[in-house]
file entry.txt (compact mmCIF, C-alpha atoms)
# COMPACT_ATOMS: atom_id res chain seq x y z
CA MET A 549 6.91 -22.09 22.58
CA ASP A 550 9.26 -20.18 24.82
CA ILE A 551 11.26 -17.97 22.57
CA ASN A 552 14.25 -17.88 24.86
CA ASP A 553 14.94 -21.51 24.34
CA ILE A 554 16.99 -20.84 21.23
CA SER A 555 20.55 -19.95 22.07
CA GLN A 556 22.75 -18.00 19.71
CA GLU A 557 24.68 -21.13 18.85
CA GLU A 558 21.51 -23.05 18.16
CA PHE A 559 20.08 -20.21 16.08
CA GLU A 560 23.19 -20.05 13.94
CA LYS A 561 23.15 -23.78 13.41
CA ILE A 562 19.50 -23.75 12.36
CA GLU A 563 20.08 -20.83 10.05
CA ALA A 564 23.04 -22.56 8.41
CA TYR A 565 20.89 -25.67 8.00
CA ILE A 566 18.07 -23.69 6.33
CA ASN A 567 20.54 -21.98 4.01
CA GLY A 568 22.26 -25.26 3.14
CA GLN A 569 25.53 -24.05 4.60
CA LEU A 570 26.32 -26.93 6.96
CA SER A 571 29.30 -29.12 6.23
CA ASN A 572 28.51 -32.76 5.45
CA GLU A 573 29.48 -33.84 8.89
CA ASP A 574 27.42 -31.16 10.63
CA LEU A 575 24.50 -31.87 8.33
CA LEU A 576 24.46 -35.56 9.29
CA GLU A 577 24.60 -34.67 12.94
CA PHE A 578 21.82 -32.10 12.56
CA GLU A 579 19.57 -34.52 10.69
CA ASN A 580 20.07 -37.04 13.44
CA ARG A 581 19.08 -34.51 16.04
CA LEU A 582 15.98 -33.64 13.96
CA LYS A 583 14.88 -37.26 14.26
CA ASN A 584 15.52 -37.50 17.97
CA GLU A 585 14.75 -34.11 19.47
CA ASN A 586 11.12 -33.24 19.85
CA HIS A 587 11.16 -29.50 19.41
CA LEU A 588 13.96 -29.03 16.94
CA ALA A 589 11.78 -29.37 13.85
CA THR A 590 9.37 -26.78 15.25
CA LYS A 591 12.25 -24.44 15.87
CA VAL A 592 13.51 -24.88 12.32
CA GLU A 593 10.02 -24.15 11.01
CA ASP A 594 9.77 -21.10 13.24
CA ILE A 595 13.08 -19.63 12.09
CA LYS A 596 12.16 -20.33 8.47
CA ILE A 597 8.98 -18.32 8.82
CA VAL A 598 10.77 -15.48 10.56
CA LEU A 599 13.36 -15.35 7.78
CA THR A 600 10.74 -15.42 5.04
CA GLY A 601 8.62 -12.86 6.86
CA LEU A 602 11.36 -10.36 7.37
CA GLU A 603 12.57 -10.67 3.80
CA THR A 604 9.03 -10.35 2.47
CA GLN A 605 8.27 -7.29 4.56
CA THR A 606 11.49 -5.68 3.35
CA MET A 607 10.49 -6.50 -0.22
CA LYS A 608 7.08 -5.00 0.41
CA GLU A 609 8.65 -1.76 1.55
CA GLN A 610 10.84 -1.88 -1.54
CA LEU A 611 7.74 -2.27 -3.74
CA ASP A 612 6.23 0.83 -2.15
CA GLU A 613 9.33 2.71 -3.21
CA PHE A 614 9.00 1.36 -6.75
CA HIS A 615 5.38 2.42 -6.74
CA ASN A 616 6.14 5.94 -5.58
CA GLU A 617 8.67 6.29 -8.37
CA LEU A 618 6.06 5.05 -10.78
CA SER A 619 3.40 7.51 -9.69
CA SER A 620 5.77 10.44 -9.45
CA ASN A 621 6.71 9.78 -13.06
CA GLN A 622 3.05 9.61 -13.96
CA ASP A 623 2.39 12.94 -12.28
CA LYS A 624 5.07 14.52 -14.38
CA THR A 625 3.40 13.44 -17.58
CA VAL A 626 -0.10 14.48 -16.54
CA VAL A 627 0.23 18.18 -17.14
CA ASN A 628 -3.40 18.89 -16.50
CA GLN A 629 -3.27 18.03 -12.85
CA PRO A 630 -0.77 20.32 -11.18
CA LYS A 631 -0.63 19.73 -7.48
CA VAL A 632 -1.18 23.06 -5.80
CA ARG A 633 0.20 22.42 -2.37
CA ARG A 634 0.51 25.93 -1.11
CA PHE A 635 -1.98 28.62 -1.81
CA ASN A 636 -0.35 30.00 -4.88
CA TRP A 637 -2.23 33.05 -6.15
CA LYS A 638 -0.18 33.39 -9.26
CA ARG A 639 -0.89 29.81 -10.30
CA ILE A 640 -4.55 30.14 -9.49
CA ALA A 641 -4.79 33.35 -11.51
CA VAL A 642 -3.16 31.68 -14.48
CA ALA A 643 -5.48 28.72 -14.12
CA ALA A 644 -8.51 31.00 -13.89
CA ILE A 645 -7.51 32.84 -17.05
CA LEU A 646 -7.02 29.54 -18.82
CA ILE A 647 -10.40 28.29 -17.69
CA ILE A 648 -12.12 31.49 -18.75
CA GLY A 649 -10.27 31.36 -22.06
CA LEU A 650 -11.13 27.75 -22.77
CA GLY A 651 -14.66 28.31 -21.54
CA SER A 652 -15.31 31.17 -23.90
CA PHE A 653 -13.87 29.16 -26.74
CA TRP A 654 -16.27 26.43 -25.72
CA LEU A 655 -19.19 28.85 -25.69
CA PHE A 656 -18.47 31.01 -28.69
CA GLY A 657 -15.81 29.20 -30.65
CA GLY A 658 -16.73 25.70 -31.77
CA SER A 659 -19.74 24.98 -33.94
CA SER A 660 -22.81 23.49 -32.31
CA ASN A 661 -22.06 20.14 -33.95
CA GLU A 662 -18.62 20.11 -32.37
CA ARG A 663 -20.11 20.90 -29.01
CA LEU A 664 -22.63 18.09 -29.29
CA TYR A 665 -19.88 15.74 -30.36
CA ALA A 666 -17.67 16.70 -27.46
CA LYS A 667 -20.57 16.29 -25.06
CA TYR A 668 -21.50 12.83 -26.24
CA PHE A 669 -18.33 11.19 -27.40
CA THR A 670 -16.73 8.73 -25.03
CA PRO A 671 -14.82 5.82 -26.54
CA ASP A 672 -16.46 2.39 -26.43
CA PRO A 673 -15.38 0.73 -23.15
CA GLY A 674 -13.91 -2.16 -25.14
CA LEU A 675 -14.15 -5.90 -24.75
CA PRO A 676 -13.02 -7.80 -21.67
CA THR A 677 -9.40 -8.81 -21.94
CA THR A 678 -8.81 -12.31 -20.68
CA MET A 679 -5.81 -14.52 -20.49
CA GLY A 680 -5.42 -17.76 -22.28
CA SER A 681 -7.22 -17.37 -25.56
CA ASN A 682 -4.10 -17.81 -27.63
CA ASP A 683 -5.61 -17.44 -31.07
CA ASN A 684 -6.88 -14.02 -30.17
CA TYR A 685 -3.90 -12.97 -28.15
CA GLU A 686 -2.93 -10.11 -30.44
CA PHE A 687 -6.45 -8.81 -30.62
CA TYR A 688 -6.66 -8.59 -26.84
CA GLU A 689 -3.22 -7.17 -26.51
CA ALA A 690 -4.36 -4.32 -28.73
CA MET A 691 -7.51 -4.10 -26.62
CA VAL A 692 -5.38 -3.49 -23.56
CA ASP A 693 -3.61 -0.64 -25.37
CA TYR A 694 -6.98 0.72 -26.41
CA LYS A 695 -8.33 0.68 -22.88
CA GLN A 696 -5.29 2.50 -21.66
CA GLY A 697 -5.88 5.22 -24.23
CA ASP A 698 -2.98 4.17 -26.44
CA TYR A 699 -5.09 4.36 -29.59
CA LYS A 700 -2.11 4.54 -31.89
CA GLY A 701 -0.68 1.29 -30.54
CA ALA A 702 -4.07 -0.40 -30.68
CA ILE A 703 -4.72 0.73 -34.25
CA SER A 704 -1.39 -0.52 -35.54
CA LYS A 705 -1.88 -3.96 -33.93
CA TRP A 706 -5.44 -4.27 -35.14
CA GLU A 707 -4.53 -3.14 -38.62
CA SER A 708 -1.96 -5.88 -38.95
CA LEU A 709 -4.65 -8.38 -37.91
CA ARG A 710 -7.03 -6.80 -40.38
CA ASN A 711 -4.64 -7.62 -43.20
CA LEU A 712 -5.44 -11.26 -42.43
CA LYS A 713 -9.16 -10.77 -41.84
CA PRO A 714 -10.29 -7.67 -43.78
CA GLN A 715 -13.96 -8.52 -43.32
CA SER A 716 -13.96 -8.68 -39.53
CA ASP A 717 -16.70 -6.34 -38.29
CA THR A 718 -15.29 -6.27 -34.80
CA LEU A 719 -11.87 -5.19 -36.05
CA ASN A 720 -13.34 -2.53 -38.31
CA TYR A 721 -15.51 -1.28 -35.49
CA PHE A 722 -12.73 -0.92 -32.93
CA ILE A 723 -10.25 0.51 -35.42
CA GLY A 724 -12.94 3.04 -36.30
CA VAL A 725 -13.68 4.01 -32.71
CA ALA A 726 -9.95 4.23 -31.96
CA HIS A 727 -9.47 6.59 -34.91
CA LEU A 728 -12.40 8.66 -33.74
CA ALA A 729 -10.93 8.81 -30.24
CA SER A 730 -7.68 10.08 -31.71
CA LYS A 731 -9.63 12.76 -33.60
CA ASN A 732 -9.35 11.26 -37.07
CA GLU A 733 -13.05 11.30 -37.82
CA LYS A 734 -12.58 10.94 -41.58
CA ILE A 735 -10.63 7.70 -41.32
CA ALA A 736 -13.00 6.56 -38.59
CA ILE A 737 -15.96 7.00 -40.93
CA SER A 738 -14.61 4.59 -43.54
CA PHE A 739 -14.00 1.85 -40.96
CA LEU A 740 -17.30 2.37 -39.20
CA GLU A 741 -19.15 2.35 -42.50
CA ASP A 742 -17.66 -1.07 -43.20
CA ALA A 743 -18.51 -2.31 -39.72
CA SER A 744 -22.12 -1.13 -39.83
CA LYS A 745 -22.87 -2.76 -43.19
CA ASN A 746 -23.35 -6.26 -41.84
CA PRO A 747 -26.90 -6.58 -40.45
CA GLU A 748 -25.77 -9.49 -38.25
CA PHE A 749 -22.99 -7.58 -36.50
CA ALA A 750 -23.45 -7.72 -32.72
CA LEU A 751 -22.30 -4.15 -32.21
CA LYS A 752 -24.24 -2.73 -35.16
CA ASN A 753 -26.20 -0.41 -32.91
CA ASP A 754 -23.01 1.06 -31.48
CA ALA A 755 -21.40 1.22 -34.89
CA HIS A 756 -24.21 3.48 -36.13
CA TYR A 757 -24.00 5.59 -33.02
CA TYR A 758 -20.28 6.21 -33.42
CA LEU A 759 -20.68 6.70 -37.14
CA GLY A 760 -23.30 9.34 -36.39
CA LEU A 761 -20.92 11.06 -34.00
CA ALA A 762 -18.09 10.89 -36.52
CA TYR A 763 -20.27 12.54 -39.18
CA LEU A 764 -21.34 15.12 -36.65
CA LYS A 765 -17.73 15.94 -35.94
CA ALA A 766 -16.93 16.07 -39.65
CA GLY A 767 -19.75 18.60 -40.09
CA ASN A 768 -22.00 16.30 -42.13
CA THR A 769 -25.25 16.71 -40.23
CA LYS A 770 -27.30 14.85 -42.81
CA GLN A 771 -25.32 11.62 -42.58
CA ALA A 772 -25.11 12.05 -38.84
CA LYS A 773 -28.89 11.99 -38.62
CA VAL A 774 -29.20 9.00 -40.93
CA ASN A 775 -26.90 6.94 -38.74
CA LEU A 776 -28.15 8.11 -35.38
CA LYS A 777 -31.65 7.13 -36.45
CA LYS A 778 -30.39 3.61 -37.05
CA SER A 779 -29.06 3.40 -33.52
CA SER A 780 -31.55 2.83 -30.75
CA SER A 781 -29.42 4.15 -27.89
CA GLU A 782 -30.74 6.87 -25.58
CA ASN A 783 -27.85 9.12 -26.47
CA SER A 784 -28.70 8.90 -30.16
CA LYS A 785 -32.22 10.09 -29.48
CA GLU A 786 -30.97 12.95 -27.34
CA ILE A 787 -28.54 14.11 -30.01
CA LEU A 788 -31.18 13.81 -32.71
CA ALA A 789 -33.55 15.95 -30.66
CA LYS A 790 -30.85 18.60 -30.40
CA ILE A 791 -29.92 18.75 -34.07
CA GLU A 792 -33.48 18.67 -35.41
CA MET B 766 25.12 -18.74 -30.44
CA ARG B 767 21.95 -16.79 -30.02
CA LYS B 768 20.26 -19.59 -28.17
CA ALA B 769 23.02 -19.90 -25.65
CA TYR B 770 22.83 -16.21 -25.02
CA GLN B 771 19.11 -16.38 -24.43
CA THR B 772 19.40 -19.23 -21.95
CA ASP B 773 22.10 -17.33 -20.19
CA HIS B 774 19.99 -14.21 -20.07
CA LYS B 775 17.03 -16.18 -18.73
CA LEU B 776 19.13 -17.62 -15.94
CA GLN B 777 20.41 -14.17 -15.15
CA VAL B 778 16.90 -12.86 -14.68
CA ILE B 779 15.99 -15.71 -12.36
CA SER B 780 19.10 -15.37 -10.27
CA ALA B 781 18.73 -11.60 -10.17
CA ILE B 782 15.19 -12.04 -8.84
CA LYS B 783 16.38 -14.54 -6.27
CA ALA B 784 19.10 -12.14 -5.18
CA ASN B 785 16.52 -9.33 -4.75
CA ASP B 786 18.31 -7.28 -7.37
CA SER B 787 16.54 -3.99 -7.15
CA GLU B 788 17.12 -2.89 -10.74
CA THR B 789 15.69 -6.09 -12.20
CA LEU B 790 12.73 -6.10 -9.84
CA ASN B 791 11.98 -2.44 -10.47
CA SER B 792 11.97 -2.97 -14.22
CA ILE B 793 9.59 -5.93 -13.93
CA TYR B 794 7.41 -3.94 -11.54
CA ARG B 795 7.29 -0.93 -13.79
CA SER B 796 6.58 -2.72 -17.05
CA ASN B 797 3.74 -4.90 -15.74
CA TYR B 798 1.80 -2.45 -13.62
CA PRO B 799 -0.11 -0.53 -16.31
CA LYS B 800 -1.88 -3.58 -17.73
CA ILE B 801 -2.97 -4.73 -14.31
CA GLU B 802 -4.09 -1.28 -13.29
CA ALA B 803 -6.17 -1.11 -16.47
CA LEU B 804 -7.72 -4.49 -15.70
CA ILE B 805 -8.76 -3.46 -12.21
CA LEU B 806 -9.97 0.01 -13.12
CA LYS B 807 -12.06 -1.57 -15.84
CA ASN B 808 -13.60 -3.96 -13.34
CA SER B 809 -14.97 -1.71 -10.62
CA GLY B 810 -11.66 -1.15 -8.80
CA THR B 811 -9.72 1.97 -7.83
CA LYS B 812 -6.04 2.81 -8.24
CA GLU B 813 -5.57 1.94 -4.59
CA HIS B 814 -7.06 -1.52 -5.19
CA ALA B 815 -4.81 -1.90 -8.21
CA LYS B 816 -1.72 -1.14 -6.17
CA ASP B 817 -2.62 -3.59 -3.39
CA VAL B 818 -3.57 -6.44 -5.68
CA TYR B 819 -0.53 -5.88 -7.87
CA GLN B 820 1.87 -5.87 -4.95
CA GLU B 821 0.38 -9.06 -3.53
CA ALA B 822 0.73 -10.68 -6.94
CA PHE B 823 4.28 -9.43 -7.25
CA LEU B 824 5.25 -10.85 -3.86
CA ALA B 825 3.72 -14.20 -4.78
CA LEU B 826 5.67 -14.21 -8.06
CA TRP B 827 8.89 -13.42 -6.25
CA GLN B 828 8.39 -16.05 -3.55
CA ASN B 829 7.40 -18.71 -6.07
CA ILE B 830 10.52 -18.03 -8.10
CA LYS B 831 12.68 -18.11 -4.96
CA GLN B 832 11.22 -21.43 -3.93
CA ASN B 833 11.51 -22.85 -7.47
CA LYS B 834 7.78 -23.33 -7.64
CA PHE B 835 7.72 -21.21 -10.75
CA ILE B 836 10.58 -21.35 -13.24
CA PRO B 837 9.91 -18.72 -15.89
CA LYS B 838 10.86 -19.73 -19.41
CA SER B 839 10.91 -16.19 -20.73
CA GLU B 840 10.15 -12.68 -19.66
CA SER B 841 6.73 -12.88 -21.20
CA SER B 842 5.91 -15.85 -19.02
CA ILE B 843 6.66 -13.62 -16.03
CA HIS B 844 4.21 -11.07 -17.42
CA GLY B 845 1.50 -13.68 -17.93
CA TYR B 846 2.08 -15.13 -14.50
CA LEU B 847 1.75 -11.77 -12.76
CA TYR B 848 -1.35 -10.92 -14.74
CA THR B 849 -3.04 -14.21 -13.92
CA ILE B 850 -2.32 -13.98 -10.20
CA ALA B 851 -3.51 -10.39 -10.05
CA LYS B 852 -6.65 -11.29 -11.93
CA ASN B 853 -7.38 -14.22 -9.58
CA LYS B 854 -6.83 -12.03 -6.56
CA TRP B 855 -9.09 -9.34 -7.92
CA MET B 856 -11.79 -11.95 -8.60
CA ASP B 857 -11.57 -12.97 -4.95
CA VAL B 858 -12.02 -9.36 -3.86
CA LEU B 859 -15.00 -8.86 -6.15
CA ARG B 860 -16.64 -12.01 -4.86
CA SER B 861 -16.13 -11.10 -1.23
CA GLN B 862 -19.16 -9.93 0.74
CA GLY B 863 -17.42 -6.84 2.04
CA PHE B 864 -16.79 -5.59 -1.44
CA LYS B 865 -20.29 -6.24 -2.69
CA LYS B 866 -21.65 -4.07 0.06
CA THR B 867 -19.53 -1.09 -0.85
CA ILE B 868 -20.50 -1.06 -4.46
CA VAL B 869 -23.86 -0.51 -6.08
CA ALA B 870 -25.16 -3.19 -8.37
CA SER B 871 -25.17 -0.91 -11.40
CA GLN B 872 -21.42 -0.46 -11.12
CA LEU B 873 -20.95 -4.18 -11.29
CA HIS B 874 -22.75 -4.21 -14.57
CA HIS B 875 -19.50 -3.87 -16.42
CA PHE B 876 -17.89 -6.64 -14.48
CA GLU B 877 -16.45 -8.76 -17.21
CA ILE B 878 -13.45 -10.83 -16.19
CA LYS B 879 -14.00 -14.45 -16.82
CA ASP B 880 -13.09 -16.94 -14.19
CA GLU B 881 -10.60 -19.44 -15.44
CA GLU B 882 -8.87 -22.30 -13.79
CA ASN B 883 -5.79 -21.10 -12.06
CA ASN B 884 -3.24 -23.08 -14.01
CA GLY B 885 -1.81 -24.60 -10.87
CA ILE B 886 -0.40 -21.29 -9.76
CA ASP B 887 0.20 -21.09 -6.04
CA ASP B 888 -0.80 -17.55 -5.21
CA ASP B 889 -1.49 -18.30 -1.57
CA ILE B 890 2.14 -18.81 -0.78
CA LEU B 891 2.12 -15.83 1.57
CA LYS B 892 -1.20 -16.54 3.25
CA ASP B 893 -0.03 -17.73 6.61
CA LYS B 894 -0.99 -16.16 9.90
CA ARG B 895 2.45 -16.57 11.44
CA LEU B 896 4.11 -15.10 8.38
CA GLU B 897 1.80 -12.09 8.52
CA ASP B 898 2.63 -11.67 12.20
CA VAL B 899 6.34 -11.62 11.44
CA MET B 900 5.79 -9.09 8.67
CA LEU B 901 3.84 -6.81 11.00
CA ALA B 902 6.45 -7.30 13.71
CA PHE B 903 9.23 -6.32 11.34
CA LYS B 904 7.48 -3.00 10.74
CA ASP B 905 7.58 -2.31 14.47
CA LEU B 906 11.19 -3.35 14.94
CA GLY B 907 13.55 -0.49 15.75
CA ASP B 908 15.45 1.12 12.89
CA ALA B 909 18.85 -0.18 13.94
CA CYS B 910 17.70 -3.80 13.89
CA LYS B 911 15.74 -3.30 10.68
CA ARG B 912 18.79 -1.94 8.92
CA LEU B 913 21.02 -4.71 10.21
CA LEU B 914 18.64 -7.53 9.27
CA ARG B 915 18.03 -5.94 5.89
CA LYS B 916 21.74 -6.09 5.14
CA PHE B 917 21.91 -9.76 6.10
CA TYR B 918 18.72 -11.15 4.70
CA PHE B 919 17.63 -8.83 1.94
CA GLU B 920 20.82 -7.44 0.48
CA LYS B 921 22.48 -10.72 1.43
CA LYS B 922 25.79 -9.08 2.14
CA PRO B 923 28.57 -11.22 3.54
CA MET B 924 29.17 -11.07 7.28
CA ASN B 925 32.65 -9.56 7.10
CA LEU B 926 31.38 -6.69 4.94
CA ILE B 927 28.55 -5.92 7.33
CA ALA B 928 30.91 -6.07 10.30
CA GLU B 929 33.15 -3.63 8.51
CA GLU B 930 30.27 -1.24 7.82
CA LEU B 931 29.29 -1.31 11.47
CA ALA B 932 32.90 -1.00 12.60
CA LEU B 933 32.47 -4.08 14.77
CA ASP B 934 34.28 -7.38 14.99
CA SER B 935 32.52 -10.38 13.57
CA ALA B 936 31.60 -11.89 16.95
CA SER B 937 29.75 -8.73 18.04
CA THR B 938 28.03 -8.46 14.66
CA ARG B 939 26.79 -12.03 14.94
CA ASN B 940 25.56 -11.38 18.43
CA LYS B 941 23.77 -8.23 17.33
CA LYS B 942 22.07 -10.13 14.55
CA TYR B 943 21.00 -12.85 16.99
CA ARG B 944 19.55 -10.30 19.41
CA CYS B 945 17.66 -8.53 16.64
CA MET B 946 16.19 -11.85 15.54
CA GLN B 947 15.13 -12.63 19.11
CA LYS B 948 13.48 -9.24 19.36
CA LEU B 949 11.66 -9.78 16.08
CA ARG B 950 10.40 -13.21 17.17
CA GLN B 951 9.30 -11.77 20.49
CA ILE B 952 7.21 -9.02 18.84
CA ALA B 953 5.77 -11.50 16.33
CA LEU B 954 4.70 -13.92 19.08
CA ASN B 955 2.78 -11.13 20.82
CA LYS B 956 0.84 -10.18 17.70
call {"tool": "encode", "arguments": {"input": "entry.txt", "output": "structure tokens"}}
result
Amino acid sequence: MDINDISQEEFEKIEAYINGQLSNEDLLEFENRLKNENHLATKVEDIKIVLTGLETQTMKEQLDEFHNELSSNQDKTVVNQPKVRRFNWKRIAVAAILIIGLGSFWLFGGSSNERLYAKYFTPDPGLPTTMGSNDNYEFYEAMVDYKQGDYKGAISKWESLRNLKPQSDTLNYFIGVAHLASKNEKIAISFLEDASKNPEFALKNDAHYYLGLAYLKAGNTKQAKVNLKKSSSENSKEILAKIE
Amino acid sequence: MRKAYQTDHKLQVISAIKANDSETLNSIYRSNYPKIEALILKNSGTKEHAKDVYQEAFLALWQNIKQNKFIPKSESSIHGYLYTIAKNKWMDVLRSQGFKKTIVASQLHHFEIKDEENNGIDDDILKDKRLEDVMLAFKDLGDACKRLLRKFYFEKKPMNLIAEELALDSASTRNKKYRCMQKLRQIALNK
């Protein structure tokens, strides 16, 4: 279509039609023309797309701004990742001292159990969170918190569910791992003990593994061994070999 | 009168979205992103993927509300809607051949989202070649035209206010708008 075939007057009429701004009389006339003129409907369609496109592109640019705000706020909260833009000796020196300091604590400070624990502990990746399963909605909502590292939020949601279903192995297991991830190994142990009792529990293997780690962190090597032996994971074997 | 207030509030959200109210949109954007980022990171994606998929979903939400194809009953239905569209879009990416090539099979091991029916959600509302051309063209349009068209069609300011801002009479403002639109259509047709 030749783009020059829309005059300013025509364009304004079409735009008013699209926006529902024509008077009754003009609307009748326009609708008549739509029936009789071959290309008018195409022109209307064309202008509609242009209007939607330009608004959408503007919105897209707006979303990029929202996103930048979002990530600049995130950067502020992540203290561990300072952005060193210029070569800043002072900052690097401070960082080096910190690294050396933390490193020597790592080497000479913590007990060997703590070191093993820190080496092997990563929280369970969690269950897939899907939409639509209404009965389990709260469980999965907590799972989303958990996956985002909001263990406190996840624990409080799961605990309120646990009041209804105290025997749920899955709940006990995830509450336990979440407590362990937030460094409450003693509370974690009681939940994981409950979870690992049921021989039918699908995540029994993992429950023993995390229970072993929790005991390791709590300094109870004996119980750590007992539980790690009940877990068949590769990591369990590696840890056992190192504490023997 | 709590109920009346809620209905009123609901309508306000919808009309604010339709009016491109930046505060409302920003708050919806902000509060829904983390869950969707978590979903995509968990399923073999990167933060960059998360941003792209989320923005596409957000645009589809916005267009569907504008065109009355989706009439949210509450704010949580907006959340669910966004999440479902983003999830569907991410499924499409994961299934695509291009993506499978860039990722080793072992990484897909943890791929866990279940495919569900799409609840009649139209998330393809923006998949149109001509629309994409116009969007690309708008990027290339000069700043003066971009600013002018933004005032008209995004901020939806009344003509006399825009004329005042430009220190022009209304006839010249209308003509400027027309010429900017012609320019935009011209660039789009050559895409």
call {"tool": "closest_residue", "arguments": {"input": "entry.txt", "among": "B:Lys838, B:Lys916, B:Arg795, B:Lys854", "to": "chain A", "atoms": "only C-alpha atoms"}}
result
B:Arg795
call {"tool": "residues_near_point", "arguments": {"input": "entry.txt", "point": "(17.5, 2.2, -6.3)", "cutoff": "9 Å", "atoms": "all atoms listed in the file", "output": "PyMOL selection string"}}
result
(chain A and resi 613-614) or (chain B and resi 787-788+791)
call {"tool": "closest_residue", "arguments": {"input": "entry.txt", "among": "A:Ala666, A:Ala755, A:Leu602, A:Val592", "to": "B:Phe917", "atoms": "only C-alpha atoms"}}
result
A:Leu602
call {"tool": "closest_atom_pairs", "arguments": {"input": "entry.txt", "of": "chain A", "to": "chain B", "cutoff": "9 Å", "atoms": "only C-alpha atoms", "output": "JSON lines"}}
result
{"residue": "A:Ile551", "atom": "CA", "partner": "B:Gln951", "partner_atom": "CA", "distance": 6.8}
{"residue": "A:Asn552", "atom": "CA", "partner": "B:Gln947", "partner_atom": "CA", "distance": 7.8}
{"residue": "A:Ile554", "atom": "CA", "partner": "B:Gln947", "partner_atom": "CA", "distance": 8.7}
{"residue": "A:Ser555", "atom": "CA", "partner": "B:Tyr943", "partner_atom": "CA", "distance": 8.7}
{"residue": "A:Gln556", "atom": "CA", "partner": "B:Tyr943", "partner_atom": "CA", "distance": 6.1}
{"residue": "A:Phe559", "atom": "CA", "partner": "B:Tyr943", "partner_atom": "CA", "distance": 7.5}
{"residue": "A:Glu560", "atom": "CA", "partner": "B:Tyr943", "partner_atom": "CA", "distance": 8.1}
{"residue": "A:Asp594", "atom": "CA", "partner": "B:Arg895", "partner_atom": "CA", "distance": 8.8}
{"residue": "A:Ile595", "atom": "CA", "partner": "B:Arg950", "partner_atom": "CA", "distance": 8.6}
{"residue": "A:Ile597", "atom": "CA", "partner": "B:Leu896", "partner_atom": "CA", "distance": 5.9}
{"residue": "A:Val598", "atom": "CA", "partner": "B:Val899", "partner_atom": "CA", "distance": 5.9}
{"residue": "A:Leu599", "atom": "CA", "partner": "B:Tyr918", "partner_atom": "CA", "distance": 7.5}
{"residue": "A:Thr600", "atom": "CA", "partner": "B:Leu896", "partner_atom": "CA", "distance": 7.4}
{"residue": "A:Gly601", "atom": "CA", "partner": "B:Met900", "partner_atom": "CA", "distance": 5.0}
{"residue": "A:Leu602", "atom": "CA", "partner": "B:Met900", "partner_atom": "CA", "distance": 5.9}
{"residue": "A:Glu603", "atom": "CA", "partner": "B:Phe919", "partner_atom": "CA", "distance": 5.7}
{"residue": "A:Thr604", "atom": "CA", "partner": "B:Met900", "partner_atom": "CA", "distance": 7.1}
{"residue": "A:Gln605", "atom": "CA", "partner": "B:Met900", "partner_atom": "CA", "distance": 5.1}
{"residue": "A:Thr606", "atom": "CA", "partner": "B:Arg915", "partner_atom": "CA", "distance": 7.0}
{"residue": "A:Met607", "atom": "CA", "partner": "B:Leu824", "partner_atom": "CA", "distance": 7.7}
{"residue": "A:Lys608", "atom": "CA", "partner": "B:Leu824", "partner_atom": "CA", "distance": 7.5}
{"residue": "A:Gln610", "atom": "CA", "partner": "B:Ser787", "partner_atom": "CA", "distance": 8.3}
{"residue": "A:Leu611", "atom": "CA", "partner": "B:Gln820", "partner_atom": "CA", "distance": 7.0}
{"residue": "A:Asp612", "atom": "CA", "partner": "B:Gln820", "partner_atom": "CA", "distance": 8.5}
{"residue": "A:Phe614", "atom": "CA", "partner": "B:Asn791", "partner_atom": "CA", "distance": 6.1}
{"residue": "A:His615", "atom": "CA", "partner": "B:Lys816", "partner_atom": "CA", "distance": 8.0}
{"residue": "A:Leu618", "atom": "CA", "partner": "B:Arg795", "partner_atom": "CA", "distance": 6.8}
{"residue": "A:Pro673", "atom": "CA", "partner": "B:Lys807", "partner_atom": "CA", "distance": 8.4}
{"residue": "A:Leu675", "atom": "CA", "partner": "B:Glu877", "partner_atom": "CA", "distance": 8.4}
{"residue": "A:Pro676", "atom": "CA", "partner": "B:Glu877", "partner_atom": "CA", "distance": 5.7}
{"residue": "A:Thr677", "atom": "CA", "partner": "B:Ile878", "partner_atom": "CA", "distance": 7.3}
{"residue": "A:Thr678", "atom": "CA", "partner": "B:Ile878", "partner_atom": "CA", "distance": 6.6}
{"residue": "A:Met679", "atom": "CA", "partner": "B:Thr849", "partner_atom": "CA", "distance": 7.1}
{"residue": "A:Gly680", "atom": "CA", "partner": "B:Glu881", "partner_atom": "CA", "distance": 8.7}
{"residue": "A:Val692", "atom": "CA", "partner": "B:Lys800", "partner_atom": "CA", "distance": 6.8}
{"residue": "A:Asp693", "atom": "CA", "partner": "B:Lys800", "partner_atom": "CA", "distance": 8.4}
{"residue": "A:Lys695", "atom": "CA", "partner": "B:Ala803", "partner_atom": "CA", "distance": 7.0}
{"residue": "A:Gln696", "atom": "CA", "partner": "B:Ala803", "partner_atom": "CA", "distance": 6.4}
call {"tool": "closest_residue", "arguments": {"input": "entry.txt", "among": "A:Thr670, A:Asn580, A:Asn567, A:Ser660", "to": "A:Val725", "atoms": "all atoms listed in the file"}}
result
A:Thr670
call {"tool": "atom_distance", "arguments": {"input": "entry.txt", "atom1": "atom CA of B:Lys783", "atom2": "atom CA of B:Ile830"}}
result
7.1 Å
call {"tool": "atom_distance", "arguments": {"input": "entry.txt", "atom1": "atom CA of A:Leu588", "atom2": "atom CA of A:Ile566"}}
result
12.6 Å
call {"tool": "decode", "arguments": {"input": "entry.txt", "residues": "stretch 806-814 of chain B", "atoms": "C-alpha atoms", "output": "compact mmCIF listing (two decimals), in the first residue's frame"}}
result
# COMPACT_ATOMS: atom_id res chain seq x y z
CA LEU B 806 16.63 -19.75 37.17
CA LYS B 807 15.43 -23.03 38.57
CA ASN B 808 14.70 -24.33 35.08
CA SER B 809 17.97 -23.86 33.22
CA GLY B 810 17.52 -20.15 32.48
CA THR B 811 19.64 -17.08 33.21
CA LYS B 812 18.69 -13.70 34.65
CA GLU B 813 18.72 -12.33 31.12
CA HIS B 814 16.21 -14.98 30.03
